[in-house]
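With CSV, C-alpha atoms inside, this is start-v8.csv:
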chain,number,residue,atom,x,y,z
I,1,MET,CA,-11.1,-0.4,23.3
I,2,SER,CA,-14.7,-1.8,23.3
I,3,GLN,CA,-17.6,-0.2,21.5
I,4,SER,CA,-19.5,2.6,23.2
I,5,ALA,CA,-16.2,3.7,24.9
I,6,SER,CA,-16.2,6.9,26.9
I,7,ARG,CA,-13.2,9.1,26.8
I,8,THR,CA,-12.7,11.6,29.6
I,9,GLN,CA,-10.0,13.7,27.9
I,10,PRO,CA,-9.1,14.7,24.3
I,11,ASP,CA,-6.5,12.5,22.7
I,12,ALA,CA,-2.9,13.4,23.3
I,13,CYS,CA,-1.4,12.3,20.0
I,14,PRO,CA,1.8,14.3,19.3
I,15,GLY,CA,2.1,16.2,16.1
I,16,ALA,CA,4.5,18.6,14.4
I,17,LEU,CA,3.2,21.5,16.5
I,18,ARG,CA,2.2,19.5,19.6
I,19,VAL,CA,5.6,18.1,20.7
I,20,HIS,CA,5.5,15.4,23.4
I,21,GLU,CA,8.0,15.6,26.1
I,22,ALA,CA,9.6,12.2,26.3
I,23,ALA,CA,12.4,11.0,28.6
I,24,ASP,CA,14.9,11.5,25.8
I,25,GLY,CA,13.7,15.0,24.7
I,26,GLY,CA,10.9,16.3,22.5
I,27,LEU,CA,9.0,14.0,20.2
I,28,ALA,CA,7.3,15.3,17.1
I,29,ARG,CA,5.2,13.3,14.7
I,30,VAL,CA,5.0,14.4,11.1
I,31,ARG,CA,2.0,13.2,9.1
I,32,VAL,CA,2.7,12.1,5.6
I,33,PRO,CA,-0.7,11.5,3.9
I,34,GLY,CA,-0.5,8.5,1.6
I,35,GLY,CA,3.1,8.0,2.6
I,36,ALA,CA,4.2,9.9,-0.6
I,37,LEU,CA,7.3,12.1,-0.5
I,38,MET,CA,9.0,14.1,-3.2
I,39,PRO,CA,12.8,14.2,-3.2
I,40,ARG,CA,12.9,17.7,-1.8
I,41,GLN,CA,10.6,16.7,1.0
I,42,VAL,CA,12.9,13.7,1.9
I,43,ARG,CA,15.8,16.2,2.1
I,44,ALA,CA,13.7,18.5,4.3
I,45,LEU,CA,12.9,15.6,6.6
I,46,ALA,CA,16.6,14.8,6.9
I,47,ALA,CA,17.3,18.4,7.9
I,48,VAL,CA,14.5,18.3,10.4
I,49,ALA,CA,15.9,15.1,11.9
I,50,SER,CA,19.1,16.9,12.6
I,51,LEU,CA,17.2,19.2,15.0
I,52,GLY,CA,16.8,16.1,17.2
I,53,ASP,CA,18.9,13.1,17.5
I,54,GLY,CA,19.5,12.8,13.8
I,55,GLY,CA,17.3,9.7,13.2
I,56,LEU,CA,13.8,9.1,12.1
I,57,GLU,CA,11.2,6.7,13.3
I,58,LEU,CA,8.7,5.1,11.0
I,59,THR,CA,5.2,4.5,12.4
I,60,SER,CA,2.5,1.9,11.8
I,61,ARG,CA,0.5,4.7,10.0
I,62,ALA,CA,3.3,5.5,7.5
I,63,ASN,CA,4.2,8.7,9.4
I,64,LEU,CA,7.5,9.8,10.8
I,65,GLN,CA,8.7,10.8,14.2
I,66,VAL,CA,11.6,13.0,15.3
I,67,ARG,CA,13.1,12.3,18.8
I,68,GLY,CA,15.4,14.2,21.1
I,69,LEU,CA,14.3,17.7,20.2
I,70,PRO,CA,15.5,20.5,22.4
I,71,PRO,CA,12.9,22.8,24.0
I,72,ASP,CA,13.6,25.6,21.6
I,73,ALA,CA,13.3,23.6,18.3
I,74,GLY,CA,9.6,23.8,17.7
I,75,ARG,CA,9.5,27.0,15.7
I,76,GLN,CA,12.3,25.9,13.4
I,77,LEU,CA,10.8,22.5,12.9
I,78,ALA,CA,7.4,24.0,11.9
I,79,GLU,CA,9.1,26.5,9.5
I,80,ARG,CA,11.1,23.8,7.7
I,81,LEU,CA,8.1,21.5,7.4
I,82,ALA,CA,5.9,24.3,6.0
I,83,ALA,CA,8.5,25.3,3.5
I,84,ALA,CA,8.6,21.7,2.2
I,85,GLY,CA,4.8,21.5,1.9
I,86,LEU,CA,4.6,19.1,4.8
I,87,LEU,CA,2.4,21.4,6.9
I,88,PRO,CA,-0.3,22.7,4.7
I,89,SER,CA,-2.8,23.4,7.5
I,90,VAL,CA,-1.9,24.3,11.1
I,91,ALA,CA,-5.4,23.5,12.3
I,92,HIS,CA,-5.5,20.0,10.6
I,93,GLU,CA,-1.9,18.8,11.1
I,94,ARG,CA,-2.7,16.1,13.6
I,95,VAL,CA,-5.8,14.7,11.7
I,96,ARG,CA,-4.1,14.1,8.4
I,97,ASN,CA,-3.8,10.4,9.0
I,98,ILE,CA,-4.1,8.8,5.6
I,99,ILE,CA,-2.5,5.5,4.6
I,100,ALA,CA,-2.5,4.3,1.0
I,101,SER,CA,-1.5,1.3,-1.0
I,102,PRO,CA,2.2,2.0,-1.8
I,103,TYR,CA,3.0,-0.1,-4.9
I,104,ASP,CA,2.5,1.1,-8.4
I,105,ASP,CA,3.1,-2.2,-10.1
I,106,GLY,CA,0.3,-2.2,-12.7
I,107,ARG,CA,-2.2,-4.2,-10.6
I,108,ALA,CA,-4.0,-1.2,-9.0
I,109,GLN,CA,-7.6,-0.7,-9.7
I,110,LEU,CA,-7.3,3.0,-8.8
I,111,ASP,CA,-4.5,5.5,-8.3
I,112,ALA,CA,-4.2,5.4,-4.5
I,113,ARG,CA,-1.5,8.0,-4.3
I,114,ALA,CA,-3.6,10.6,-6.3
I,115,LEU,CA,-6.7,9.8,-4.3
I,116,ALA,CA,-4.9,10.1,-1.0
I,117,ALA,CA,-3.6,13.6,-2.1
I,118,GLU,CA,-7.1,14.6,-3.1
I,119,LEU,CA,-8.5,13.4,0.3
I,120,ASP,CA,-5.8,15.3,2.2
I,121,ALA,CA,-6.7,18.5,0.3
I,122,ALA,CA,-10.4,18.1,1.0
I,123,LEU,CA,-9.7,17.3,4.7
I,124,CYS,CA,-7.7,20.4,5.1
I,125,ALA,CA,-10.3,22.5,3.3
I,126,ASP,CA,-13.0,21.6,5.8
I,127,PRO,CA,-12.7,23.6,9.0
I,128,ARG,CA,-15.1,21.3,10.9
I,129,LEU,CA,-12.8,18.3,10.3
I,130,ALA,CA,-10.0,20.0,12.4
I,131,ASP,CA,-12.0,18.6,15.3
I,132,LEU,CA,-11.3,15.0,14.4
I,133,PRO,CA,-9.4,13.1,17.1
I,134,GLY,CA,-5.7,12.6,16.3
I,135,ARG,CA,-6.2,8.8,16.2
I,136,PHE,CA,-8.9,8.9,13.4
I,137,LEU,CA,-7.5,7.1,10.4
I,138,PHE,CA,-8.3,7.1,6.7
I,139,ALA,CA,-7.2,4.4,4.2
I,140,VAL,CA,-7.1,4.3,0.4
I,141,ASP,CA,-6.8,0.8,-0.9
I,142,ASP,CA,-6.2,0.2,-4.6
I,143,GLY,CA,-8.0,-3.2,-4.6
I,144,ARG,CA,-5.3,-5.5,-3.4
I,145,ALA,CA,-6.5,-5.4,0.3
I,146,ASP,CA,-3.2,-4.3,1.7
I,147,VAL,CA,-4.2,-1.3,3.8
I,148,VAL,CA,-8.0,-1.7,4.3
I,149,PRO,CA,-7.4,-4.5,6.9
I,150,LEU,CA,-5.4,-2.1,9.1
I,151,ASN,CA,-8.4,-0.9,11.1
I,152,PRO,CA,-9.0,2.5,9.4
I,153,ASP,CA,-12.1,4.4,10.6
I,154,VAL,CA,-12.9,5.3,7.0
I,155,GLY,CA,-11.6,3.2,4.1
I,156,LEU,CA,-11.9,3.6,0.4
I,157,PHE,CA,-11.6,0.1,-1.1
I,158,ALA,CA,-11.5,-0.4,-4.9
I,159,LEU,CA,-13.9,-3.1,-6.2
I,160,GLY,CA,-13.6,-3.1,-10.0
I,161,ASP,CA,-15.0,0.2,-11.3
I,162,ARG,CA,-16.6,1.2,-7.9
I,163,VAL,CA,-15.2,2.1,-4.5
I,164,ALA,CA,-16.6,0.5,-1.4
I,165,LEU,CA,-16.9,2.7,1.7
I,166,VAL,CA,-15.5,0.7,4.6
I,167,LEU,CA,-16.2,1.9,8.2
I,168,ALA,CA,-14.2,0.5,11.1
I,169,GLY,CA,-13.5,-2.7,9.1
I,170,GLU,CA,-17.0,-3.2,7.9
I,171,ASP,CA,-18.3,-2.7,4.4
I,172,SER,CA,-21.0,-0.1,4.7
I,173,GLY,CA,-22.8,-1.1,1.5
I,174,VAL,CA,-22.2,2.4,0.1
I,175,ARG,CA,-20.7,2.3,-3.4
I,176,LEU,CA,-19.0,5.3,-4.9
I,177,ALA,CA,-17.7,6.2,-8.3
I,178,PRO,CA,-14.0,7.0,-8.2
I,179,GLY,CA,-14.8,10.6,-8.7
I,180,GLY,CA,-17.1,10.5,-5.7
I,181,ALA,CA,-14.8,8.6,-3.3
I,182,VAL,CA,-13.3,11.6,-1.6
I,183,PRO,CA,-16.7,13.3,-1.0
I,184,GLY,CA,-17.9,10.0,0.5
I,185,ALA,CA,-14.9,9.8,2.9
I,186,ILE,CA,-15.4,13.4,3.9
I,187,ALA,CA,-19.1,12.7,4.5
I,188,ALA,CA,-18.2,9.8,6.7
I,189,ALA,CA,-15.8,11.9,8.8
I,190,GLU,CA,-18.5,14.6,9.2
I,191,ALA,CA,-21.0,11.9,10.2
I,192,PHE,CA,-18.7,10.6,12.9
I,193,LEU,CA,-18.3,14.1,14.4
I,194,ALA,CA,-22.1,14.4,14.4
I,195,GLU,CA,-22.5,11.1,16.2
I,196,ARG,CA,-19.6,11.2,18.7
I,197,THR,CA,-19.6,12.5,22.2
I,198,SER,CA,-16.1,11.7,23.5
I,199,GLN,CA,-15.1,8.7,21.3
I,200,TRP,CA,-11.9,8.8,19.3
I,201,ARG,CA,-12.7,6.1,16.7
I,202,ILE,CA,-15.8,4.9,14.9
I,203,ALA,CA,-15.4,1.4,16.4
I,204,GLU,CA,-15.8,3.0,19.9
I,205,LEU,CA,-19.3,4.2,19.0
I,206,ALA,CA,-22.2,1.9,19.9
I,207,ASP,CA,-23.2,0.5,16.5
I,208,GLY,CA,-20.8,3.0,15.0
I,209,PRO,CA,-20.4,1.7,11.5
I,210,ARG,CA,-24.2,1.5,10.9
I,211,ARG,CA,-24.9,5.0,12.4
I,212,VAL,CA,-22.2,6.6,10.3
I,213,ALA,CA,-23.3,4.7,7.2
I,214,ASP,CA,-26.9,5.8,7.6
I,215,ARG,CA,-25.8,9.4,7.7
I,216,VAL,CA,-23.5,9.1,4.7
I,217,ALA,CA,-26.2,7.4,2.6
I,218,ALA,CA,-28.7,10.1,3.4
I,219,ALA,CA,-26.2,12.9,2.8
I,220,LEU,CA,-25.2,11.5,-0.6
I,221,GLY,CA,-28.6,10.3,-1.6
I,222,VAL,CA,-27.4,6.8,-2.5
I,223,ASP,CA,-28.9,3.4,-1.9
I,224,ARG,CA,-26.8,0.7,-0.2
I,225,VAL,CA,-26.0,-2.7,-1.6
I,226,ASP,CA,-25.4,-6.0,0.3
I,227,PRO,CA,-22.0,-5.7,2.0
I,228,VAL,CA,-19.2,-8.0,1.1
I,229,PRO,CA,-16.6,-9.4,3.6
I,230,VAL,CA,-13.6,-7.1,4.1
I,231,PRO,CA,-10.2,-8.9,4.5
I,232,ALA,CA,-9.2,-8.9,8.1
I,233,THR,CA,-5.5,-9.6,7.6
I,234,PRO,CA,-3.3,-8.0,5.0
I,235,PRO,CA,-1.0,-10.1,2.8
I,236,GLY,CA,2.6,-10.6,4.0
I,237,THR,CA,3.4,-7.0,3.4
I,238,HIS,CA,5.5,-6.7,6.6
I,239,ALA,CA,8.0,-9.0,4.9
I,240,GLN,CA,8.2,-7.3,1.5
I,241,VAL,CA,11.7,-5.9,1.3
I,242,GLY,CA,14.2,-5.8,-1.5
I,243,VAL,CA,13.2,-5.6,-5.1
I,244,VAL,CA,9.3,-5.6,-5.1
I,245,PHE,CA,8.6,-5.0,-8.8
I,246,ARG,CA,10.0,-3.8,-12.1
I,247,ARG,CA,8.1,-1.7,-14.5
I,248,ASP,CA,8.9,0.5,-17.5
I,249,GLY,CA,12.6,0.4,-17.1
I,250,ARG,CA,12.4,1.3,-13.4
I,251,THR,CA,12.8,-0.8,-10.3
I,252,ALA,CA,11.0,-0.4,-7.0
I,253,VAL,CA,13.0,-1.4,-3.9
I,254,ALA,CA,11.6,-1.6,-0.4
I,255,ALA,CA,14.0,-1.0,2.5
I,256,GLY,CA,13.0,-2.0,6.0
I,257,ALA,CA,14.0,0.1,9.0
I,258,PRO,CA,15.5,-2.1,11.7
I,259,LEU,CA,13.0,-2.1,14.6
I,260,GLY,CA,11.2,0.8,12.8
I,261,ARG,CA,14.0,3.3,13.2
I,262,LEU,CA,16.4,4.9,10.8
I,263,SER,CA,19.8,6.0,12.1
I,264,PRO,CA,21.3,9.3,10.9
I,265,GLU,CA,23.5,7.3,8.4
I,266,GLN,CA,20.4,5.5,7.2
I,267,VAL,CA,18.6,8.7,6.8
I,268,ASP,CA,21.4,9.9,4.6
I,269,ILE,CA,21.4,6.9,2.3
I,270,ILE,CA,17.6,7.0,2.0
I,271,THR,CA,17.8,10.6,1.0
I,272,ALA,CA,20.4,9.9,-1.7
I,273,ALA,CA,18.3,7.0,-3.0
I,274,SER,CA,15.2,9.1,-3.0
I,275,ASP,CA,16.9,11.6,-5.3
I,276,ALA,CA,17.8,8.7,-7.7
I,277,ALA,CA,14.3,7.2,-7.5
I,278,GLY,CA,12.2,10.4,-7.9
I,279,GLY,CA,10.9,10.2,-4.4
I,280,ALA,CA,10.0,7.8,-1.6
I,281,ARG,CA,6.9,6.2,-0.2
I,282,LEU,CA,6.4,5.3,3.4
I,283,THR,CA,4.4,2.2,4.3
I,284,PRO,CA,2.6,1.1,7.4
I,285,TRP,CA,5.0,-1.8,7.7
I,286,ARG,CA,7.9,0.5,8.5
I,287,THR,CA,9.5,0.2,5.1
I,288,VAL,CA,10.6,2.9,2.7
I,289,VAL,CA,9.7,2.2,-1.0
I,290,LEU,CA,12.0,3.8,-3.6
I,291,PRO,CA,9.7,3.5,-6.5
I,292,GLY,CA,11.7,4.5,-9.6
I,293,LEU,CA,15.3,3.4,-9.4
I,294,PRO,CA,16.8,2.9,-12.9
I,295,ASP,CA,17.0,-0.8,-13.6
I,296,GLU,CA,20.7,-0.7,-14.3
I,297,ALA,CA,21.5,1.0,-11.0
I,298,ALA,CA,19.0,-0.9,-8.8
I,299,GLY,CA,21.5,-3.7,-7.8
I,300,ARG,CA,24.0,-1.1,-6.6
I,301,TRP,CA,21.4,0.7,-4.5
I,302,VAL,CA,20.3,-2.5,-2.9
I,303,SER,CA,23.9,-3.2,-2.0
I,304,ASP,CA,24.4,0.3,-0.6
I,305,LEU,CA,21.2,0.1,1.4
I,306,ALA,CA,22.2,-3.3,2.9
I,307,ALA,CA,25.7,-1.9,3.7
I,308,HIS,CA,24.0,0.8,5.8
I,309,GLY,CA,22.1,-1.8,7.8
I,310,LEU,CA,18.7,-1.5,6.1
I,311,LEU,CA,16.7,-4.6,5.5
I,312,VAL,CA,16.6,-5.5,1.8
I,313,ASP,CA,16.8,-9.3,2.0
I,314,PRO,CA,13.5,-11.0,2.8
I,315,SER,CA,15.3,-13.8,4.6
I,316,ALA,CA,17.3,-11.4,6.8
I,317,ASP,CA,17.0,-11.4,10.6
I,318,GLY,CA,14.8,-8.5,11.7
I,319,VAL,CA,12.4,-8.4,8.8
I,320,GLY,CA,8.9,-7.7,10.2
I,321,VAL,CA,10.2,-7.2,13.7
I,322,THR,CA,9.3,-3.8,15.4
I,323,SER,CA,9.4,-2.3,18.8
I,324,CYS,CA,8.3,0.7,20.8
I,325,THR,CA,11.0,3.1,22.1
I,326,GLY,CA,11.3,1.4,25.5
I,327,ARG,CA,13.9,2.4,28.1
I,328,PRO,CA,15.6,4.8,28.4
I,329,GLY,CA,13.7,7.0,25.9
I,330,CYS,CA,10.2,6.3,27.5
I,331,ALA,CA,9.7,6.8,31.2
I,332,LYS,CA,6.7,4.4,31.2
I,333,ALA,CA,8.6,1.5,29.7
I,334,LEU,CA,9.5,-1.4,31.9
I,335,ALA,CA,12.4,-2.7,29.8
I,336,ASP,CA,14.9,-1.7,27.1
I,337,VAL,CA,12.9,-3.6,24.5
I,338,ARG,CA,15.1,-2.4,21.6
I,339,ALA,CA,18.2,-3.9,23.1
I,340,ASP,CA,16.4,-7.1,24.0
I,341,ALA,CA,14.8,-7.4,20.6
I,342,THR,CA,18.2,-6.9,19.0
I,343,ARG,CA,19.7,-9.7,21.2
I,344,THR,CA,17.0,-12.1,20.0
I,345,MET,CA,16.6,-10.8,16.5
I,346,SER,CA,15.2,-13.2,14.0
I,347,ARG,CA,13.0,-13.1,11.0
I,348,ALA,CA,9.2,-12.7,11.5
I,349,VAL,CA,8.1,-15.9,9.8
I,350,GLY,CA,4.4,-15.7,8.9
I,351,LEU,CA,3.4,-12.9,11.2
I,352,PRO,CA,5.0,-9.6,12.3
I,353,VAL,CA,6.6,-9.5,15.8
I,354,HIS,CA,6.3,-6.5,18.0
I,355,TRP,CA,8.1,-5.7,21.3
I,356,ALA,CA,6.2,-3.4,23.7
I,357,GLY,CA,7.7,-1.9,26.8
I,358,CYS,CA,4.4,-1.5,28.6
I,359,ARG,CA,0.7,-2.3,28.3
I,360,ARG,CA,0.0,0.8,26.2
I,361,ARG,CA,1.6,-1.2,23.3
I,362,CYS,CA,2.7,1.9,21.4
I,363,GLY,CA,3.4,1.2,17.7
I,364,ARG,CA,1.8,-2.3,17.7
I,365,PRO,CA,0.9,-3.3,14.1
I,366,GLN,CA,-2.8,-4.0,13.3
I,367,GLY,CA,-4.0,-7.6,12.8
I,368,ARG,CA,-2.4,-10.8,14.0
I,369,VAL,CA,0.9,-10.1,15.7
I,370,VAL,CA,3.3,-12.1,17.8
I,371,GLU,CA,3.6,-9.7,20.8
I,372,VAL,CA,6.5,-9.5,23.3
I,373,LEU,CA,5.2,-7.5,26.2
I,374,ALA,CA,7.3,-6.2,29.1
I,375,THR,CA,5.7,-6.6,32.5
I,376,GLU,CA,6.9,-6.1,36.1
I,377,ALA,CA,7.6,-9.9,36.2
I,378,GLY,CA,9.4,-10.2,32.9
I,379,TYR,CA,8.2,-10.7,29.4
I,380,GLU,CA,5.0,-12.2,28.1
I,381,VAL,CA,5.0,-13.6,24.5
I,382,GLY,CA,1.5,-13.8,23.0
I,383,LEU,CA,-0.4,-14.7,19.9
I,384,GLY,CA,-4.1,-14.0,20.2
I,385,GLU,CA,-5.3,-15.5,23.5
I,386,THR,CA,-2.3,-17.8,23.9
I,387,THR,CA,0.4,-16.2,26.2
I,388,THR,CA,3.6,-17.6,27.5
I,389,SER,CA,5.5,-16.1,30.4
I,390,ALA,CA,9.3,-15.6,29.8
I,391,ALA,CA,11.4,-14.4,32.7
I,392,ASP,CA,14.5,-13.5,30.6
I,393,VAL,CA,15.5,-12.8,27.0
I,394,ASP,CA,16.6,-16.4,26.4
I,395,GLN,CA,13.2,-17.7,27.3
I,396,VAL,CA,11.7,-15.0,25.1
I,397,ALA,CA,13.6,-16.5,22.1
I,398,ALA,CA,12.2,-20.0,22.9
I,399,ALA,CA,8.7,-18.7,23.2
I,400,LEU,CA,9.0,-16.8,19.9
I,401,ASP,CA,10.0,-20.0,18.2
I,402,ALA,CA,7.0,-21.8,19.7
I,403,ALA,CA,4.6,-19.0,18.7
I,404,ARG,CA,5.9,-19.1,15.1
I,405,ARG,CA,5.5,-22.8,14.8
I,406,ALA,CA,1.8,-22.3,15.8
I,407,VAL,CA,1.2,-20.0,12.9
Show this structure as structure tokens.
Amino acid sequence: MSQSASRTQPDACPGALRVHEAADGGLARVRVPGGALMPRQVRALAAVASLGDGGLELTSRANLQVRGLPPDAGRQLAERLAAAGLLPSVAHERVRNIIASPYDDGRAQLDARALAAELDAALCADPRLADLPGRFLFAVDDGRADVVPLNPDVGLFALGDRVALVLAGEDSGVRLAPGGAVPGAIAAAEAFLAERTSQWRIAELADGPRRVADRVAAALGVDRVDPVPVPATPPGTHAQVGVVFRRDGRTAVAAGAPLGRLSPEQVDIITAASDAAGGARLTPWRTVVLPGLPDEAAGRWVSDLAAHGLLVDPSADGVGVTSCTGRPGCAKALADVRADATRTMSRAVGLPVHWAGCRRRCGRPQGRVVEVLATEAGYEVGLGETTTSAADVDQVAAALDAARRAV
């Protein structure tokens, strides 16, 4: 949406307590700040999934969705999440949107997971911030520029021994010590609330980044430096599956969810692997990182994950390919995009590929994406401003090949 946007209604983002009624039943979205899950929390989420259709959807904000919930499941869902520590604030549950760099491979300039947890606690402790829109997004980037390009409203970006405050993709010029990073992010969120009328995102405010930055600098009593360019496109993180690094006798394995969805059987194997790895980390690229598998067992786990249909081979068809729910789960969809994507499944060479069942483009990754959009007249395959019409699935496959060659 363009800057200075005017919203006529509050956002309708689903949550763990605000369940959306979809065509296939209730849809609940569980926020997982920083994507970090302990083994007991993974087990709790597997149990929560059984209240619906048994599967879990991974979102582009490293959250999870449960589909197919019956009308009377809401209370049990909330109780199970709260018992697992996944619902620390009823008032703030929809605004705990925090993505963080997921890899602990020794290259980080700060501990993104710890900072994300600190930010979540500070967010929940501020009653005013419960008024943030459900689409407002925070990011904690450990310096490798993997999550700060994903269009967060407020980004904390490690630059050596300082942290840059990034607002709607722009460096604000505000520099923070690591210990002051969370107060800076909270000040930015409060500044947005002071400036907004009906907008949901900082980018929707006219001159939003500057207005918010002015308030933050004044509140913190800091001078601003000359801003630096912020990377607009993350590295090829959407294609990072399989063994991603080894450290201190442990192996980290990233498993991709086909089209962003885990089947009940895949939920079970991820739960077992999480127990062995000491937890799991969700990524905005719809992968699950198992960060601490013992080196001697990693090969077996990779084989087991692959046997359950998870994507652990970077050259496998389906890596980097996502879709919305489509028909029949979504009443607004114009096509069964999941079935059609499966028929034309291939590896997302160079850029991610996203199939959308309508012009709302739910679940579309940020940045440059090869998009397959269902319309009343068939599909459109687009990359940037270049769009090719494709009347049937076979033509979509040809258009996808052409779009990838243009990358």
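Atom pair CA of Gly242 in chain I / CA of Pro149 in chain I has a distance of 23.2 Å (rounded to one decimal).
Using only C-alpha atoms, the protein and nucleic acid residues lying no more than 12 Å from Ala194 in chain I, apart from those fewer than 3 places from it along its own chain, are Arg128, Leu129, Asp131, Leu132, Ala187, Ala188, Ala189, Glu190, Ala191, Thr197, Ser198, Gln199, Ile202, Leu205, Gly208, Arg211, Val212, Asp214, Arg215 and Val216 of chain I.
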Nearest to Glu21 in chain I among I:Gly160, I:Pro234, I:Gly329, I:Gly260, with distances taken over all atoms listed in the file: which residue is it? I:Gly329
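What separates CA of Arg94 in chain I from CA of Ala232 in chain I is a distance of 26.4 Å.
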Calculated over only C-alpha atoms, which of the candidates I:Val42, I:Val30, I:Val230, I:Val148 has the smallest distance to Val267 in chain I? I:Val42
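Proximity of I:Gly54, I:Pro127, I:Pro328, I:Pro71 to Ser89 in chain I, computed with only C-alpha atoms, is greatest for I:Pro127.
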Shell around range 352-369 of chain I at 9 Å using all atoms listed in the file, local window under 2 positions removed, as a ChimeraX atom specification: /I:59-61,149-151,232-234,236,238-239,259,284-285,319-327,330,332-338,340-341,347-350,371-375,382-384,400
Residues near Ala78 in chain I, anyone? I mean within 12 Å using all atoms listed in the file, not counting same-chain ones fewer than 3 positions away, as a ChimeraX atom specification. /I:15-19,28-30,44-45,48,51,72-75,81-90,93
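Between CA of Leu69 in chain I and CA of Gly34 in chain I the separation is 25.5 Å.
Candidate residues I:Ile186, I:Leu115, I:Ala276, I:Val228 were compared for distance to Leu159 in chain I, and the nearest is I:Val228, using only C-alpha atoms.
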List the spatial neighbours of Ala391 in chain I as a list in words - criterion: any atom at most 12 Å away, only C-alpha atoms, same-chain residues fewer than 5 positions off excluded. Val372, Leu373, Ala374, Thr375, Glu376, Ala377, Gly378, Tyr379, Glu380, Val381, Val396, Ala397, Ala398 and Ala399 of chain I
Spatial neighbours of range 170-172 of chain I, max dist 9 Å, all atoms listed in the file, sep filter under 6 positions, as a ChimeraX atom specification: /I:155,164,209-210,212-214,224-230
